[in-house]
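S.K.: Below is the file start05.pdb, with PDB, C-alpha atoms.
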```pdb
ATOM      1  CA  PHE E   1     -40.070   0.346  22.699
ATOM      2  CA  LEU E   2     -41.157   3.278  24.879
ATOM      3  CA  SER E   3     -40.054   1.657  28.129
ATOM      4  CA  GLY E   4     -36.343   1.445  27.196
ATOM      5  CA  GLY E   5     -36.169  -0.341  23.835
ATOM      6  CA  TRP E   6     -35.417   2.956  22.087
ATOM      7  CA  PHE E   7     -31.979   3.232  23.734
ATOM      8  CA  PRO E   8     -30.288   0.232  22.008
ATOM      9  CA  LEU E   9     -31.917   1.349  18.751
ATOM     10  CA  LEU E  10     -30.433   4.849  19.198
ATOM     11  CA  ILE E  11     -26.978   3.398  19.906
ATOM     12  CA  GLY E  12     -27.217   1.126  16.844
ATOM     13  CA  CYS E  13     -28.300   4.003  14.569
ATOM     14  CA  THR E  14     -25.477   6.194  15.880
ATOM     15  CA  VAL E  15     -22.845   3.520  15.255
ATOM     16  CA  PHE E  16     -24.305   2.849  11.790
ATOM     17  CA  ILE E  17     -24.130   6.552  10.865
ATOM     18  CA  LEU E  18     -20.528   6.797  12.116
ATOM     19  CA  LEU E  19     -19.429   3.739  10.141
ATOM     20  CA  MET E  20     -21.156   4.863   6.949
ATOM     21  CA  THR E  21     -19.564   8.315   7.295
ATOM     22  CA  TRP E  22     -16.151   6.655   7.721
ATOM     23  CA  LYS E  23     -16.725   4.433   4.683
ATOM     24  CA  ARG E  24     -17.808   7.374   2.509
ATOM     25  CA  GLY E  25     -14.816   9.437   3.655
ATOM     26  CA  ARG E  26     -12.376   6.627   2.785
ATOM     27  CA  LEU E  27     -13.999   6.251  -0.633
ATOM     28  CA  LEU E  28     -13.678   9.995  -1.313
ATOM     29  CA  MET E  29     -10.061  10.003  -0.130
ATOM     30  CA  PHE E  30      -9.051   7.067  -2.349
ATOM     31  CA  ARG E  31     -10.886   8.590  -5.311
ATOM     32  CA  ARG E  32      -8.999  11.871  -4.852
ATOM     33  CA  LEU E  33      -5.669  10.047  -4.496
ATOM     34  CA  SER E  34      -6.381   8.066  -7.679
ATOM     35  CA  GLU E  35      -7.215  11.225  -9.624
ATOM     36  CA  GLN E  36      -4.045  12.998  -8.501
ATOM     37  CA  GLY E  37      -1.764   9.941  -8.650
ATOM     38  CA  ILE E  38       1.012   9.395 -11.169
ATOM     39  CA  PRO E  39       0.856   6.137 -13.167
ATOM     40  CA  LEU E  40       3.734   3.844 -12.190
ATOM     41  CA  LYS E  41       4.882   2.425 -15.556
ATOM     42  CA  PRO E  42       5.442   5.769 -17.388
ATOM     43  CA  PHE E  43       7.137   7.173 -14.269
ATOM     44  CA  LEU E  44       9.569   4.242 -14.114
ATOM     45  CA  GLU E  45      10.287   4.545 -17.829
ATOM     46  CA  SER E  46      11.155   8.228 -17.357
ATOM     47  CA  LEU E  47      13.458   7.303 -14.451
ATOM     48  CA  ASP E  48      15.087   4.700 -16.665
ATOM     49  CA  ALA E  49      15.714   7.373 -19.325
ATOM     50  CA  HIS E  50      17.083   9.917 -16.789
ATOM     51  CA  PRO E  51      18.203   7.943 -13.724
ATOM     52  CA  PRO E  52      18.985   9.724 -10.456
ATOM     53  CA  GLN E  53      21.930   8.759  -8.261
ATOM     54  CA  LYS E  54      21.635   5.211  -6.840
ATOM     55  CA  VAL E  55      22.708   4.096  -3.375
ATOM     56  CA  SER E  56      23.330   0.552  -2.211
ATOM     57  CA  GLY E  57      20.589  -1.404  -0.493
ATOM     58  CA  THR E  58      16.914  -2.060  -0.920
ATOM     59  CA  ALA E  59      13.952   0.266  -0.419
ATOM     60  CA  ILE E  60      10.489  -1.170   0.195
ATOM     61  CA  PHE E  61       7.657   1.283  -0.406
ATOM     62  CA  MET E  62       4.369   0.113   1.025
ATOM     63  CA  THR E  63       1.472   1.262  -1.128
ATOM     64  CA  SER E  64      -2.245   0.616  -1.351
ATOM     65  CA  ASN E  65      -2.352   1.103  -5.126
ATOM     66  CA  ALA E  66       0.256  -0.929  -7.003
ATOM     67  CA  ASP E  67      -0.319   0.953 -10.274
ATOM     68  CA  GLN E  68       0.556   4.428  -8.979
ATOM     69  CA  VAL E  69       3.762   5.990  -7.677
ATOM     70  CA  PRO E  70       3.785   6.002  -3.857
ATOM     71  CA  HIS E  71       3.938   9.499  -2.373
ATOM     72  CA  ALA E  72       6.809   8.383  -0.135
ATOM     73  CA  LEU E  73       8.919   7.654  -3.243
ATOM     74  CA  LEU E  74       8.199  11.093  -4.672
ATOM     75  CA  HIS E  75       9.144  12.769  -1.392
ATOM     76  CA  ASN E  76      12.283  10.640  -1.089
ATOM     77  CA  LEU E  77      13.365  11.639  -4.601
ATOM     78  CA  LYS E  78      12.538  15.289  -3.969
ATOM     79  CA  HIS E  79      14.419  15.578  -0.663
ATOM     80  CA  ASN E  80      17.249  13.032  -0.964
ATOM     81  CA  LYS E  81      17.622  12.990  -4.774
ATOM     82  CA  VAL E  82      18.617   9.299  -4.725
ATOM     83  CA  LEU E  83      17.110   5.875  -5.299
ATOM     84  CA  HIS E  84      18.177   2.539  -3.875
ATOM     85  CA  GLU E  85      19.692  -0.159  -6.099
ATOM     86  CA  LYS E  86      16.568  -2.248  -5.586
ATOM     87  CA  THR E  87      13.189  -0.591  -5.115
ATOM     88  CA  VAL E  88      10.208  -2.777  -4.219
ATOM     89  CA  PHE E  89       6.572  -1.669  -4.216
ATOM     90  CA  LEU E  90       4.739  -3.785  -1.630
ATOM     91  CA  THR E  91       0.955  -4.016  -1.606
ATOM     92  CA  ILE E  92      -1.014  -6.002   0.968
ATOM     93  CA  VAL E  93      -4.224  -7.267  -0.665
ATOM     94  CA  PRO E  94      -7.034  -8.358   1.690
ATOM     95  CA  HIS E  95      -9.392 -11.108   0.521
ATOM     96  CA  ASP E  96     -12.903 -12.097   1.581
ATOM     97  CA  VAL E  97     -11.794 -15.532   2.786
ATOM     98  CA  PRO E  98     -10.568 -16.391   6.295
ATOM     99  CA  PHE E  99      -7.172 -17.724   5.170
ATOM    100  CA  VAL E 100      -5.056 -17.586   2.020
ATOM    101  CA  PRO E 101      -2.867 -20.681   1.465
ATOM    102  CA  PRO E 102       0.848 -19.877   1.905
ATOM    103  CA  GLU E 103       1.638 -21.050  -1.635
ATOM    104  CA  ASP E 104      -0.800 -18.428  -3.032
ATOM    105  CA  ARG E 105       0.251 -15.603  -0.720
ATOM    106  CA  VAL E 106       3.004 -13.812  -2.647
ATOM    107  CA  GLN E 107       3.249 -12.599  -6.229
ATOM    108  CA  PHE E 108       6.511 -10.991  -7.361
ATOM    109  CA  GLU E 109       7.079  -9.144 -10.633
ATOM    110  CA  ARG E 110      10.224  -7.569 -12.049
ATOM    111  CA  LEU E 111       9.495  -4.193 -13.588
ATOM    112  CA  VAL E 112      12.280  -2.094 -15.144
ATOM    113  CA  ASN E 113      15.907  -1.656 -14.087
ATOM    114  CA  GLY E 114      15.951  -2.335 -10.329
ATOM    115  CA  PHE E 115      12.212  -1.904  -9.674
ATOM    116  CA  TYR E 116       9.956  -4.716  -8.479
ATOM    117  CA  LYS E 117       6.293  -5.151  -7.590
ATOM    118  CA  LEU E 118       5.410  -7.435  -4.682
ATOM    119  CA  GLU E 119       1.839  -8.304  -3.706
ATOM    120  CA  ALA E 120       0.946 -10.255  -0.583
ATOM    121  CA  TRP E 121      -2.548 -11.661  -0.159
ATOM    122  CA  TYR E 122      -4.113 -12.235   3.245
ATOM    123  CA  GLY E 123      -7.476 -13.445   4.468
ATOM    124  CA  PHE E 124      -9.594 -11.437   6.878
ATOM    125  CA  LYS E 125      -8.565 -13.602   9.859
ATOM    126  CA  GLU E 126      -4.844 -13.250   9.158
ATOM    127  CA  GLN E 127      -2.321 -10.648  10.230
ATOM    128  CA  PRO E 128       0.201  -9.558   7.546
ATOM    129  CA  ASP E 129       3.771 -10.503   8.432
ATOM    130  CA  ILE E 130       6.640  -8.760   6.632
ATOM    131  CA  ASP E 131       9.191 -11.425   7.602
ATOM    132  CA  GLU E 132       6.907 -14.125   6.168
ATOM    133  CA  ILE E 133       6.415 -12.129   2.949
ATOM    134  CA  LEU E 134      10.149 -11.582   2.459
ATOM    135  CA  ALA E 135      10.916 -15.246   3.211
ATOM    136  CA  ALA E 136       8.277 -16.413   0.706
ATOM    137  CA  CYS E 137       9.734 -14.062  -1.893
ATOM    138  CA  ARG E 138      13.192 -15.546  -1.287
ATOM    139  CA  LEU E 139      11.963 -19.148  -1.472
ATOM    140  CA  ARG E 140       9.640 -18.823  -4.476
ATOM    141  CA  TYR E 141      11.456 -16.228  -6.581
ATOM    142  CA  GLY E 142      15.064 -16.261  -5.338
ATOM    143  CA  PHE E 143      14.925 -12.554  -4.490
ATOM    144  CA  THR E 144      16.802 -12.002  -1.241
ATOM    145  CA  PHE E 145      16.467  -9.165   1.242
ATOM    146  CA  ASP E 146      19.097  -8.186   3.780
ATOM    147  CA  VAL E 147      16.830  -6.671   6.418
ATOM    148  CA  MET E 148      19.721  -4.698   7.913
ATOM    149  CA  ASP E 149      20.319  -3.091   4.500
ATOM    150  CA  THR E 150      16.639  -2.469   3.700
ATOM    151  CA  SER E 151      14.734   0.775   4.250
ATOM    152  CA  PHE E 152      10.958   0.685   4.640
ATOM    153  CA  PHE E 153       8.832   3.634   3.544
ATOM    154  CA  LEU E 154       5.159   4.177   4.314
ATOM    155  CA  SER E 155       3.060   7.081   3.073
ATOM    156  CA  ARG E 156       0.493   8.690   5.312
ATOM    157  CA  GLU E 157      -2.639  10.386   4.091
ATOM    158  CA  THR E 158      -3.850  13.309   6.157
ATOM    159  CA  VAL E 159      -7.438  14.459   5.678
ATOM    160  CA  ILE E 160      -7.774  18.225   5.547
ATOM    161  CA  PRO E 161     -11.331  19.603   5.412
ATOM    162  CA  THR E 162     -12.086  21.927   2.502
ATOM    163  CA  SER E 163     -15.169  23.633   1.176
ATOM    164  CA  ASP E 164     -14.924  21.675  -2.107
ATOM    165  CA  THR E 165     -17.721  19.223  -2.753
ATOM    166  CA  PRO E 166     -17.112  16.056  -4.767
TER     167      PRO E 166
END
```
Can you dump the structure from the file as structure tokens?
M.R.:
Amino acid sequence: FLSGGWFPLLIGCTVFILLMTWKRGRLLMFRRLSEQGIPLKPFLESLDAHPPQKVSGTAIFMTSNADQVPHALLHNLKHNKVLHEKTVFLTIVPHDVPFVPPEDRVQFERLVNGFYKLEAWYGFKEQPDIDEILAACRLRYGFTFDVMDTSFFLSRETVIPTSDTP
């Protein structure tokens, strides 16, 4: 240990501390987002009661939590004051298996008036593929996407340090 074995141990401890800090930070961030998030179903019902202007095409909002309104949708409504005819909430769900069979990959659900929920499941050795997801949705559920008439939205979370403690 004293003649050089301490160095790999130091490197290992440093990497472990960095990874645990990252994991804790992600947990705190997702907890805060969940607390401040707006539940999807009541939000869609309120949009159904007082619909904004609709434009042609499809919007796909990628979200990590399928039960809350994506921030990108809120910002789109705030700034553009319109919704697309079809709005899809896409969630990629990782699983603790190497591969998910293609027939079990996609789950599609119609919500209210022009809103849909799409979940795609992938194993840890697989890379998510949007074209594959959209093709599976077309084949299994008959829901077609014209990629040239589809807008993709992705929210980004920015961590800002504060003095608040959880």
S.K.: With only C-alpha atoms as the basis for distance, which of E:Pro101, E:Leu19, E:Pro161, E:Glu85 is at the shortest distance from Gly57 of chain E?
M.R.: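 Of E:Pro101, E:Leu19, E:Pro161, E:Glu85, the one nearest Gly57 of chain E is E:Glu85, counting only C-alpha atoms.
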S.K.: When the PyMOL selection byres ((chain E and resi 67-78) around 9) is applied to the file above, which residues end up in the set, as a list in words?
M.R.: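 Checking the PyMOL selection byres ((chain E and resi 67-78) around 9) against this file, the residues are Ser34, Gly37, Ile38, Pro39, Leu40, Lys41, Phe43, Leu44, Pro52, Phe61, Met62, Thr63, Ser64, Asn65, Ala66, His79, Asn80, Lys81, Val82, Leu83, Phe89, Phe153, Leu154, Ser155 and Arg156 of chain E.
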S.K.: Restricting the calculation to all atoms listed in the file: of E:Thr144, E:Glu103, E:Asp149, E:Ile92, which residue gets closest to Asp129 of chain E?
M.R.: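 Under the stated criterion, the closest residue is E:Ile92.
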S.K.: Using only C-alpha atoms, which residues sit within 6 Å of Ala59 of chain E once same-chain residues fewer than 6 positions away are excluded, as JSON, numbers by chain?
M.R.: {"E": [84, 87, 150, 151, 152]}
S.K.: Give me a file of those residues, with C-alpha atoms, as a JSON list (two decimals), keeping the file's coordinate frame.
M.R.:
```json
[["chain", "number", "residue", "atom", "x", "y", "z"],
["E", 84, "HIS", "CA", 18.18, 2.54, -3.88],
["E", 87, "THR", "CA", 13.19, -0.59, -5.12],
["E", 150, "THR", "CA", 16.64, -2.47, 3.70],
["E", 151, "SER", "CA", 14.73, 0.78, 4.25],
["E", 152, "PHE", "CA", 10.96, 0.68, 4.64]]
```
S.K.: Between atom CA of Trp121 of chain E and atom CA of Tyr141 of chain E, measure the distance and give it in Å to one decimal.
M.R.: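 A separation of 16.1 Å between them.
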S.K.: Could you please determine the separation between atom CA of Pro102 of chain E and atom CA of Met148 of chain E in Å, to one decimal place?
M.R.: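 Distance between the two atoms: 25.0 Å.
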